[in-house]
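For reference, model33.pdb is printed below; it contains PDB, C-alpha atoms.
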ATOM      1  CA  LEU A 299       0.000   0.000   0.000
ATOM      2  CA  MET A 300       2.846   2.362   0.916
ATOM      3  CA  ALA A 301       4.351   2.315  -2.614
ATOM      4  CA  HIS A 302       0.887   2.929  -4.040
ATOM      5  CA  THR A 303       0.310   6.105  -2.018
ATOM      6  CA  ARG A 304       3.832   7.282  -2.846
ATOM      7  CA  MET A 305       3.114   6.830  -6.573
ATOM      8  CA  ASP A 306      -0.113   8.799  -6.119
ATOM      9  CA  GLU A 307       1.836  11.644  -4.537
ATOM     10  CA  LEU A 308       4.411  11.548  -7.334
ATOM     11  CA  TYR A 309       1.639  11.588  -9.939
ATOM     12  CA  ALA A 310       0.174  14.689  -8.285
ATOM     13  CA  LEU A 311       3.622  16.335  -8.421
ATOM     14  CA  ALA A 312       4.231  15.396 -12.045
ATOM     15  CA  GLU A 313       0.790  16.129 -13.426
ATOM     16  CA  GLU A 314       1.398  19.750 -14.383
ATOM     17  CA  ARG A 315       4.642  18.834 -16.128
ATOM     18  CA  ASP A 316       3.861  15.871 -18.324
ATOM     19  CA  GLY A 317       5.186  13.289 -15.955
ATOM     20  CA  LEU A 318       8.394  15.022 -14.881
ATOM     21  CA  LEU A 319       9.458  15.738 -11.311
ATOM     22  CA  THR A 320      12.644  16.504  -9.393
ATOM     23  CA  SER A 321      14.056  14.710  -6.372
ATOM     24  CA  LYS A 322      14.146  18.125  -4.662
ATOM     25  CA  GLU A 323      10.347  18.457  -4.981
ATOM     26  CA  ALA A 324       9.859  14.886  -3.802
ATOM     27  CA  ARG A 325      12.070  15.560  -0.757
ATOM     28  CA  ALA A 326       9.960  18.627   0.055
ATOM     29  CA  ARG A 327       6.986  16.221   0.246
ATOM     30  CA  GLY A 328       8.876  13.861   2.521
ATOM     31  CA  ILE A 329       9.750  11.322  -0.177
ATOM     32  CA  GLN A 330      13.384  10.307   0.189
ATOM     33  CA  ASP A 331      15.797   9.780  -2.699
ATOM     34  CA  SER A 332      16.019   6.085  -1.759
ATOM     35  CA  VAL A 333      12.296   5.700  -2.534
ATOM     36  CA  LEU A 334      12.788   7.265  -5.977
ATOM     37  CA  ILE A 335      15.786   5.019  -6.659
ATOM     38  CA  ARG A 336      13.756   1.952  -5.692
ATOM     39  CA  LEU A 337      10.836   3.009  -7.909
ATOM     40  CA  ALA A 338      13.295   3.570 -10.772
ATOM     41  CA  GLN A 339      14.738   0.076 -10.274
ATOM     42  CA  ARG A 340      11.220  -1.346 -10.458
ATOM     43  CA  GLY A 341      10.599   0.522 -13.685
ATOM     44  CA  ARG A 342       7.919   2.801 -12.210
ATOM     45  CA  LEU A 343      10.108   5.892 -12.729
ATOM     46  CA  GLU A 344      12.694   6.708 -15.391
ATOM     47  CA  ARG A 345      15.787   8.657 -14.378
ATOM     48  CA  MET A 346      16.204  11.387 -17.005
ATOM     49  CA  THR A 347      19.195  13.398 -15.803
ATOM     50  CA  ARG A 348      20.561  13.757 -12.308
ATOM     51  CA  GLY A 349      17.799  14.905  -9.979
ATOM     52  CA  VAL A 350      15.085  14.673 -12.661
ATOM     53  CA  TYR A 351      12.724  11.718 -13.009
ATOM     54  CA  ARG A 352       9.846  10.895 -15.318
ATOM     55  CA  ILE A 353       6.918   8.672 -14.467
ATOM     56  CA  ALA A 354       7.241   5.616 -16.709
ATOM     57  CA  HIS A 355       4.515   5.121 -19.331
ATOM     58  CA  TYR A 356       3.327   8.697 -18.855
ATOM     59  CA  PRO A 357       1.930   9.911 -22.187
ATOM     60  CA  ALA A 358       4.835  11.741 -23.838
ATOM     61  CA  ASP A 359       4.479  15.381 -24.699
ATOM     62  CA  ARG A 360       6.157  17.372 -27.462
ATOM     63  CA  LEU A 361       7.269  19.933 -24.868
ATOM     64  CA  GLY A 362       8.741  17.295 -22.563
ATOM     65  CA  GLN A 363      12.345  17.950 -23.535
ATOM     66  CA  TYR A 364      11.948  21.697 -22.955
ATOM     67  CA  ARG A 365      10.427  21.161 -19.525
ATOM     68  CA  GLU A 366      13.229  18.739 -18.742
ATOM     69  CA  ALA A 367      15.884  21.340 -19.648
ATOM     70  CA  VAL A 368      14.320  23.923 -17.323
ATOM     71  CA  LEU A 369      13.921  21.365 -14.534
ATOM     72  CA  TRP A 370      17.525  20.272 -14.979
ATOM     73  CA  ALA A 371      18.719  23.858 -14.445
ATOM     74  CA  HIS A 372      16.537  24.223 -11.337
ATOM     75  CA  ALA A 373      17.687  20.830 -10.014
ATOM     76  CA  SER A 374      21.309  21.965 -10.472
ATOM     77  CA  GLN A 375      20.594  24.559  -7.755
ATOM     78  CA  GLY A 376      20.321  27.113 -10.546
ATOM     79  CA  PRO A 377      18.787  30.475  -9.688
ATOM     80  CA  GLU A 378      15.183  31.054 -10.664
ATOM     81  CA  ARG A 379      15.662  33.453 -13.549
ATOM     82  CA  ILE A 380      16.226  30.976 -16.359
ATOM     83  CA  ALA A 381      14.385  30.667 -19.651
ATOM     84  CA  LEU A 382      14.390  28.818 -22.935
ATOM     85  CA  SER A 383      15.872  31.204 -25.481
ATOM     86  CA  HIS A 384      17.463  31.804 -28.875
ATOM     87  CA  GLU A 385      16.386  29.389 -31.654
ATOM     88  CA  THR A 386      14.432  27.251 -29.171
ATOM     89  CA  ALA A 387      12.272  30.253 -28.219
ATOM     90  CA  LEU A 388      11.591  31.102 -31.890
ATOM     91  CA  LEU A 389      10.561  27.480 -32.452
ATOM     92  CA  LEU A 390       8.180  27.559 -29.469
ATOM     93  CA  TYR A 391       6.584  30.776 -30.740
ATOM     94  CA  GLY A 392       6.269  29.183 -34.195
ATOM     95  CA  ILE A 393       8.082  32.089 -35.872
ATOM     96  CA  SER A 394      11.061  30.348 -37.431
ATOM     97  CA  ASP A 395      11.750  27.484 -39.806
ATOM     98  CA  VAL A 396      15.012  26.841 -37.975
ATOM     99  CA  ASN A 397      14.764  23.618 -35.985
ATOM    100  CA  PRO A 398      17.693  23.532 -33.560
ATOM    101  CA  GLN A 399      19.195  20.122 -32.769
ATOM    102  CA  ARG A 400      19.723  21.154 -29.151
ATOM    103  CA  VAL A 401      17.697  23.035 -26.557
ATOM    104  CA  HIS A 402      18.903  26.610 -25.913
ATOM    105  CA  LEU A 403      18.646  27.802 -22.329
ATOM    106  CA  THR A 404      19.687  31.156 -20.836
ATOM    107  CA  VAL A 405      20.885  31.214 -17.216
ATOM    108  CA  PRO A 406      22.235  34.127 -15.128
ATOM    109  CA  LYS A 407      25.927  34.960 -15.587
ATOM    110  CA  SER A 408      26.588  34.111 -11.949
ATOM    111  CA  ALA A 409      24.730  30.770 -12.036
ATOM    112  CA  ARG A 410      26.875  27.962 -10.698
ATOM    113  CA  LEU A 411      25.592  24.916 -12.481
ATOM    114  CA  ARG A 412      27.436  22.275 -10.504
ATOM    115  CA  ARG A 413      26.676  19.388 -12.738
ATOM    116  CA  LYS A 414      27.980  18.587 -16.167
ATOM    117  CA  HIS A 415      25.126  19.589 -18.406
ATOM    118  CA  PRO A 416      23.388  17.150 -20.755
ATOM    119  CA  GLU A 417      24.839  17.357 -24.265
ATOM    120  CA  TRP A 418      21.492  18.269 -25.798
ATOM    121  CA  ILE A 419      21.332  21.521 -23.821
ATOM    122  CA  VAL A 420      23.162  24.675 -24.988
ATOM    123  CA  ILE A 421      23.790  27.100 -22.112
ATOM    124  CA  HIS A 422      23.838  30.861 -22.727
ATOM    125  CA  ARG A 423      24.695  33.255 -19.912
ATOM    126  CA  ALA A 424      22.848  36.538 -19.519
ATOM    127  CA  ASP A 425      21.056  38.336 -16.700
ATOM    128  CA  LEU A 426      17.473  38.424 -17.939
ATOM    129  CA  THR A 427      15.105  40.958 -16.401
ATOM    130  CA  PRO A 428      11.551  39.853 -15.474
ATOM    131  CA  PRO A 429      10.004  41.746 -18.462
ATOM    132  CA  GLU A 430      12.272  39.732 -20.805
ATOM    133  CA  ILE A 431      10.795  36.421 -19.675
ATOM    134  CA  GLY A 432       7.396  35.197 -20.822
ATOM    135  CA  GLN A 433       5.548  31.890 -20.441
ATOM    136  CA  HIS A 434       4.648  29.299 -23.051
ATOM    137  CA  GLU A 435       2.345  26.563 -21.720
ATOM    138  CA  GLY A 436       3.848  27.073 -18.274
ATOM    139  CA  ILE A 437       7.470  27.052 -19.489
ATOM    140  CA  PRO A 438       9.642  30.175 -19.017
ATOM    141  CA  VAL A 439      10.785  31.486 -22.392
ATOM    142  CA  THR A 440      12.437  34.768 -23.445
ATOM    143  CA  THR A 441      10.081  37.287 -25.060
ATOM    144  CA  VAL A 442       9.771  37.472 -28.855
ATOM    145  CA  GLU A 443      11.907  40.648 -29.067
ATOM    146  CA  ARG A 444      14.632  39.331 -26.780
ATOM    147  CA  SER A 445      14.700  35.965 -28.605
ATOM    148  CA  ILE A 446      15.043  37.580 -32.046
ATOM    149  CA  MET A 447      17.874  39.882 -30.906
ATOM    150  CA  ASP A 448      19.639  36.992 -29.128
ATOM    151  CA  VAL A 449      19.603  34.858 -32.282
ATOM    152  CA  LEU A 450      20.832  37.817 -34.319
ATOM    153  CA  SER A 451      23.729  38.635 -31.991
ATOM    154  CA  LYS A 452      24.791  34.966 -31.733
ATOM    155  CA  THR A 453      24.386  33.842 -35.362
ATOM    156  CA  HIS A 454      24.536  37.155 -37.321
ATOM    157  CA  ARG A 455      21.757  35.688 -39.475
ATOM    158  CA  THR A 456      19.717  38.758 -40.424
ATOM    159  CA  ASP A 457      17.515  36.562 -42.679
ATOM    160  CA  ILE A 458      16.315  34.503 -39.692
ATOM    161  CA  ALA A 459      15.656  37.676 -37.684
ATOM    162  CA  ARG A 460      13.658  39.327 -40.510
ATOM    163  CA  GLN A 461      11.630  36.164 -41.120
ATOM    164  CA  ALA A 462      10.842  35.879 -37.384
ATOM    165  CA  ILE A 463       9.686  39.525 -37.213
ATOM    166  CA  THR A 464       7.358  39.038 -40.218
ATOM    167  CA  ASP A 465       5.913  35.818 -38.764
ATOM    168  CA  ALA A 466       5.517  37.314 -35.260
ATOM    169  CA  LEU A 467       3.676  40.313 -36.697
ATOM    170  CA  ARG A 468       1.365  38.034 -38.681
ATOM    171  CA  GLU A 469       0.689  35.862 -35.598
ATOM    172  CA  GLY A 470      -0.098  38.943 -33.496
ATOM    173  CA  LEU A 471       2.898  38.349 -31.215
ATOM    174  CA  LEU A 472       4.330  41.805 -32.003
ATOM    175  CA  SER A 473       2.635  45.153 -32.533
ATOM    176  CA  THR A 474       3.378  47.134 -35.714
ATOM    177  CA  THR A 475       5.478  49.552 -33.638
ATOM    178  CA  GLN A 476       7.490  46.740 -32.007
ATOM    179  CA  ALA A 477       8.065  45.108 -35.398
ATOM    180  CA  GLY A 478       9.187  48.446 -36.883
ATOM    181  CA  ASP A 479      11.631  49.069 -34.042
ATOM    182  CA  LEU A 480      13.055  45.565 -34.354
ATOM    183  CA  ARG A 481      13.467  45.908 -38.123
ATOM    184  CA  LYS A 482      15.501  49.098 -37.564
ATOM    185  CA  LEU A 483      17.781  47.230 -35.148
ATOM    186  CA  VAL A 484      18.203  44.364 -37.617
ATOM    187  CA  ASN A 485      19.022  46.786 -40.462
ATOM    188  CA  ARG A 486      21.580  48.537 -38.280
ATOM    189  CA  ALA A 487      23.148  45.183 -37.396
ATOM    190  CA  ALA A 488      23.183  44.190 -41.075
ATOM    191  CA  GLN A 489      25.007  47.423 -41.956
ATOM    192  CA  SER A 490      27.664  46.992 -39.299
ATOM    193  CA  LEU A 491      28.110  43.346 -40.346
ATOM    194  CA  SER A 492      28.665  44.242 -43.994
ATOM    195  CA  LEU A 493      31.015  47.081 -42.986
ATOM    196  CA  SER A 494      33.139  44.751 -40.880
ATOM    197  CA  ALA A 495      33.126  42.125 -43.669
ATOM    198  CA  ASN A 496      34.273  44.771 -46.199
ATOM    199  CA  GLY A 497      36.841  46.062 -43.746
ATOM    200  CA  ASN A 498      38.316  42.568 -43.507
ATOM    201  CA  LYS A 499      38.440  42.284 -47.302
ATOM    202  CA  VAL A 500      40.332  45.598 -47.521
ATOM    203  CA  LYS A 501      42.833  44.413 -44.887
ATOM    204  CA  VAL A 502      43.372  41.129 -46.737
ATOM    205  CA  TYR A 503      43.867  43.023 -50.005
ATOM    206  CA  GLU A 504      46.388  45.405 -48.398
ATOM    207  CA  ALA A 505      48.261  42.502 -46.809
ATOM    208  CA  ALA A 506      48.402  40.686 -50.170
ATOM    209  CA  ALA A 507      49.587  43.886 -51.940
ATOM    210  CA  GLY A 508      52.136  44.557 -49.201
TER     211      GLY A 508
END

Render the structure in this file as structure tokens.
Amino acid sequence: LMAHTRMDELYALAEERDGLLTSKEARARGIQDSVLIRLAQRGRLERMTRGVYRIAHYPADRLGQYREAVLWAHASQGPERIALSHETALLLYGISDVNPQRVHLTVPKSARLRRKHPEWIVIHRADLTPPEIGQHEGIPVTTVERSIMDVLSKTHRTDIARQAITDALREGLLSTTQAGDLRKLVNRAAQSLSLSANGNKVKVYEAAAG
């Protein structure tokens, strides 16, 4: 009977998150790590990454991996202000054709993530302010504007940024004013990129001539 009630408690914990829970949350409910380990050995739980479990045979969810990334950061004693970002955020908003192979996550610069992070997570460090973090089906994600600018500054792909602005405007995720302001920023970035590219060409030419 004991294991049954424990499973019920774990189900209640995991319900909002598609079957995922952390050992930290379980401990807060008085369920020791040893109980989780035993349930994992019996095949009732699956150990995802350190400190994160999934209830076995729980119907899988397309957002499961994203929730797992956020939970992993929290389970690593990470501070609260973390969010899915960059290409992953654009994908969640449905405003990019880019489908990243890994999950992009932004954590504070000072975050001490003690554990080696799973290979499918890309960590970016930035101190996000509360207005830069939104929610998507209960998952923290950087706002449309922040996500577009992050992708631009990391990849220098002005085409992706312009496409995302057009899509976001069409989906009603940006106002006309916001879209206009973002386009100006993208154009400015495009200019400075082409200037620096030309500058490099001139230097190469001078070096070759010299």

_Residues near A:Ser490, anyone? I mean within 12 Å using all atoms listed in the file, not counting same-chain ones fewer than 6 positions away, as JSON, numbers by chain._
{"A": [451, 454, 456, 483, 484, 496, 497]}

* Name the residues, using the chain letters and numbers of the file, that sit within 10 Å of (1.1, 25.2, -21.4) when counting all atoms listed in the file, and give them as JSON, numbers by chain. => {"A": [314, 315, 361, 433, 434, 435, 436, 437]}

Using only C-alpha atoms, the residue out of A:Thr386, A:Asn397, A:Gln476, A:Thr427 with shortest distance to A:Ile463 is A:Gln476

Skip A:Leu450 itself and residues of its chain fewer than 6 positions away, then list as a ChimeraX atom specification all residues within 12 Å of it, counting all atoms listed in the file. /A:384-385,388,443-444,456-463,480-481,483-488,491

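Residues in contact with A:Glu469 at up to 10 Å, not including ones fewer than 5 positions away on its chain and judged by all atoms listed in the file, are Tyr391, Gly392, Ile393, Ile463 and Thr464 of chain A.
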
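Using only C-alpha atoms, the smallest distance between any of A:Leu382, A:Arg468, A:Trp418, A:Leu334 and A:Gln399 comes from A:Trp418.
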
The distance between atom CA of A:Thr474 and atom CA of A:Leu493 is 28.6 Å

A:Leu426 proximity check over A:Val405, A:Val396, A:Ala387, A:Leu369, using all atoms listed in the file: winner is A:Val405

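Using all atoms listed in the file for every distance, the candidate list A:Ile419, A:Leu308, A:Thr347, A:Pro406 yields A:Leu308 as the residue closest to A:Gly328.
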
Here atom CA of A:Arg348 and atom CA of A:Pro438 stand apart by 20.8 Å

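Of the listed residues A:Pro416, A:Gly432, A:Gly341, A:Gly349, the one whose atoms come nearest to A:Val401 is A:Pro416, with distances taken using all atoms listed in the file.
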
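The two atoms in question, atom CA of A:Met305 and atom CA of A:Asp331, are spaced 13.6 Å apart.
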
Item to complete: Would you list the contacts of stretch 342-344 of chain A as a list of chain:residue names, taking every protein, DNA or RNA residue within 7 Å and counting all atoms listed in the file, but skipping same-chain residues closer than 3 positions in sequence?
Response: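 The contact residues come out as A:Leu337, A:Ala338, A:Tyr351, A:Arg352, A:Ile353, A:Ala354.
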
Practice task
Please identify all polymer residues within 8 Å of A:Thr404, counting only C-alpha atoms, omitting same-chain residues fewer than 5 positions from it, and present them as JSON, numbers by chain.
Solution key: {"A": [380, 381, 382, 383, 421, 422, 423, 424]}

Model the absent atoms of stretch 419-430 of chain A so that all heavy atoms are present, and write the result as an mmCIF file, in the frame of the given file.
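File written: out-v8.cif
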data_model
loop_
_atom_site.group_PDB
_atom_site.id
_atom_site.type_symbol
_atom_site.label_atom_id
_atom_site.label_comp_id
_atom_site.auth_asym_id
_atom_site.auth_seq_id
_atom_site.Cartn_x
_atom_site.Cartn_y
_atom_site.Cartn_z
ATOM 1 N N ILE A 419 21.672 20.174 -24.282
ATOM 2 C CA ILE A 419 21.332 21.521 -23.821
ATOM 3 C C ILE A 419 22.487 22.481 -24.152
ATOM 4 O O ILE A 419 23.635 22.158 -23.901
ATOM 5 C CB ILE A 419 21.067 21.559 -22.292
ATOM 6 C CG1 ILE A 419 19.873 20.676 -21.925
ATOM 7 C CG2 ILE A 419 20.832 22.994 -21.811
ATOM 8 C CD1 ILE A 419 19.565 20.615 -20.434
ATOM 9 N N VAL A 420 22.157 23.630 -24.744
ATOM 10 C CA VAL A 420 23.162 24.675 -24.988
ATOM 11 C C VAL A 420 22.914 25.769 -23.958
ATOM 12 O O VAL A 420 21.805 26.309 -23.875
ATOM 13 C CB VAL A 420 23.009 25.294 -26.400
ATOM 14 C CG1 VAL A 420 24.094 26.344 -26.639
ATOM 15 C CG2 VAL A 420 23.083 24.222 -27.475
ATOM 16 N N ILE A 421 23.928 26.083 -23.159
ATOM 17 C CA ILE A 421 23.790 27.100 -22.112
ATOM 18 C C ILE A 421 24.278 28.461 -22.620
ATOM 19 O O ILE A 421 25.376 28.574 -23.136
ATOM 20 C CB ILE A 421 24.618 26.711 -20.861
ATOM 21 C CG1 ILE A 421 24.193 25.339 -20.316
ATOM 22 C CG2 ILE A 421 24.512 27.796 -19.784
ATOM 23 C CD1 ILE A 421 22.927 25.313 -19.525
ATOM 24 N N HIS A 422 23.431 29.479 -22.451
ATOM 25 C CA HIS A 422 23.838 30.861 -22.727
ATOM 26 C C HIS A 422 23.785 31.594 -21.395
ATOM 27 O O HIS A 422 22.903 31.320 -20.581
ATOM 28 C CB HIS A 422 22.864 31.541 -23.699
ATOM 29 C CG HIS A 422 22.765 30.846 -25.022
ATOM 30 N ND1 HIS A 422 23.634 31.068 -26.061
ATOM 31 C CD2 HIS A 422 21.883 29.913 -25.466
ATOM 32 C CE1 HIS A 422 23.294 30.307 -27.093
ATOM 33 N NE2 HIS A 422 22.241 29.596 -26.764
ATOM 34 N N ARG A 423 24.707 32.518 -21.185
ATOM 35 C CA ARG A 423 24.695 33.255 -19.912
ATOM 36 C C ARG A 423 24.333 34.712 -20.123
ATOM 37 O O ARG A 423 24.973 35.414 -20.887
ATOM 38 C CB ARG A 423 26.056 33.132 -19.218
ATOM 39 C CG ARG A 423 26.280 31.727 -18.695
ATOM 40 C CD ARG A 423 27.553 31.605 -17.900
ATOM 41 N NE ARG A 423 27.681 30.241 -17.369
ATOM 42 C CZ ARG A 423 27.242 29.855 -16.178
ATOM 43 N NH1 ARG A 423 26.649 30.719 -15.384
ATOM 44 N NH2 ARG A 423 27.391 28.610 -15.784
ATOM 45 N N ALA A 424 23.285 35.142 -19.457
ATOM 46 C CA ALA A 424 22.848 36.538 -19.519
ATOM 47 C C ALA A 424 21.926 36.779 -18.329
ATOM 48 O O ALA A 424 21.247 35.867 -17.866
ATOM 49 C CB ALA A 424 22.087 36.804 -20.814
ATOM 50 N N ASP A 425 21.940 38.009 -17.820
ATOM 51 C CA ASP A 425 21.056 38.336 -16.700
ATOM 52 C C ASP A 425 19.750 38.889 -17.252
ATOM 53 O O ASP A 425 19.647 40.073 -17.565
ATOM 54 C CB ASP A 425 21.744 39.316 -15.749
ATOM 55 C CG ASP A 425 22.970 38.682 -15.094
ATOM 56 O OD1 ASP A 425 22.895 37.473 -14.772
ATOM 57 O OD2 ASP A 425 23.992 39.362 -14.924
ATOM 58 N N LEU A 426 18.772 38.022 -17.395
ATOM 59 C CA LEU A 426 17.473 38.424 -17.939
ATOM 60 C C LEU A 426 16.696 39.203 -16.887
ATOM 61 O O LEU A 426 16.757 38.889 -15.697
ATOM 62 C CB LEU A 426 16.665 37.184 -18.339
ATOM 63 C CG LEU A 426 17.248 36.299 -19.453
ATOM 64 C CD1 LEU A 426 16.477 34.986 -19.534
ATOM 65 C CD2 LEU A 426 17.206 37.013 -20.792
ATOM 66 N N THR A 427 15.970 40.214 -17.327
ATOM 67 C CA THR A 427 15.105 40.958 -16.401
ATOM 68 C C THR A 427 13.716 40.337 -16.484
ATOM 69 O O THR A 427 13.383 39.723 -17.503
ATOM 70 C CB THR A 427 15.025 42.447 -16.801
ATOM 71 O OG1 THR A 427 14.446 42.514 -18.120
ATOM 72 C CG2 THR A 427 16.389 43.106 -16.816
ATOM 73 N N PRO A 428 12.887 40.468 -15.426
ATOM 74 C CA PRO A 428 11.551 39.853 -15.474
ATOM 75 C C PRO A 428 10.748 40.195 -16.740
ATOM 76 O O PRO A 428 10.108 39.311 -17.292
ATOM 77 C CB PRO A 428 10.889 40.379 -14.196
ATOM 78 C CG PRO A 428 12.030 40.600 -13.259
ATOM 79 C CD PRO A 428 13.170 41.091 -14.123
ATOM 80 N N PRO A 429 10.780 41.470 -17.245
ATOM 81 C CA PRO A 429 10.004 41.746 -18.462
ATOM 82 C C PRO A 429 10.509 41.010 -19.707
ATOM 83 O O PRO A 429 9.810 40.967 -20.710
ATOM 84 C CB PRO A 429 10.148 43.261 -18.658
ATOM 85 C CG PRO A 429 10.649 43.795 -17.359
ATOM 86 C CD PRO A 429 11.408 42.688 -16.712
ATOM 87 N N GLU A 430 11.743 40.440 -19.633
ATOM 88 C CA GLU A 430 12.272 39.732 -20.805
ATOM 89 C C GLU A 430 11.899 38.250 -20.816
ATOM 90 O O GLU A 430 12.249 37.517 -21.727
ATOM 91 C CB GLU A 430 13.804 39.850 -20.839
ATOM 92 C CG GLU A 430 14.299 41.248 -21.139
ATOM 93 C CD GLU A 430 15.810 41.363 -21.080
ATOM 94 O OE1 GLU A 430 16.417 40.902 -20.082
ATOM 95 O OE2 GLU A 430 16.383 41.904 -22.032
#
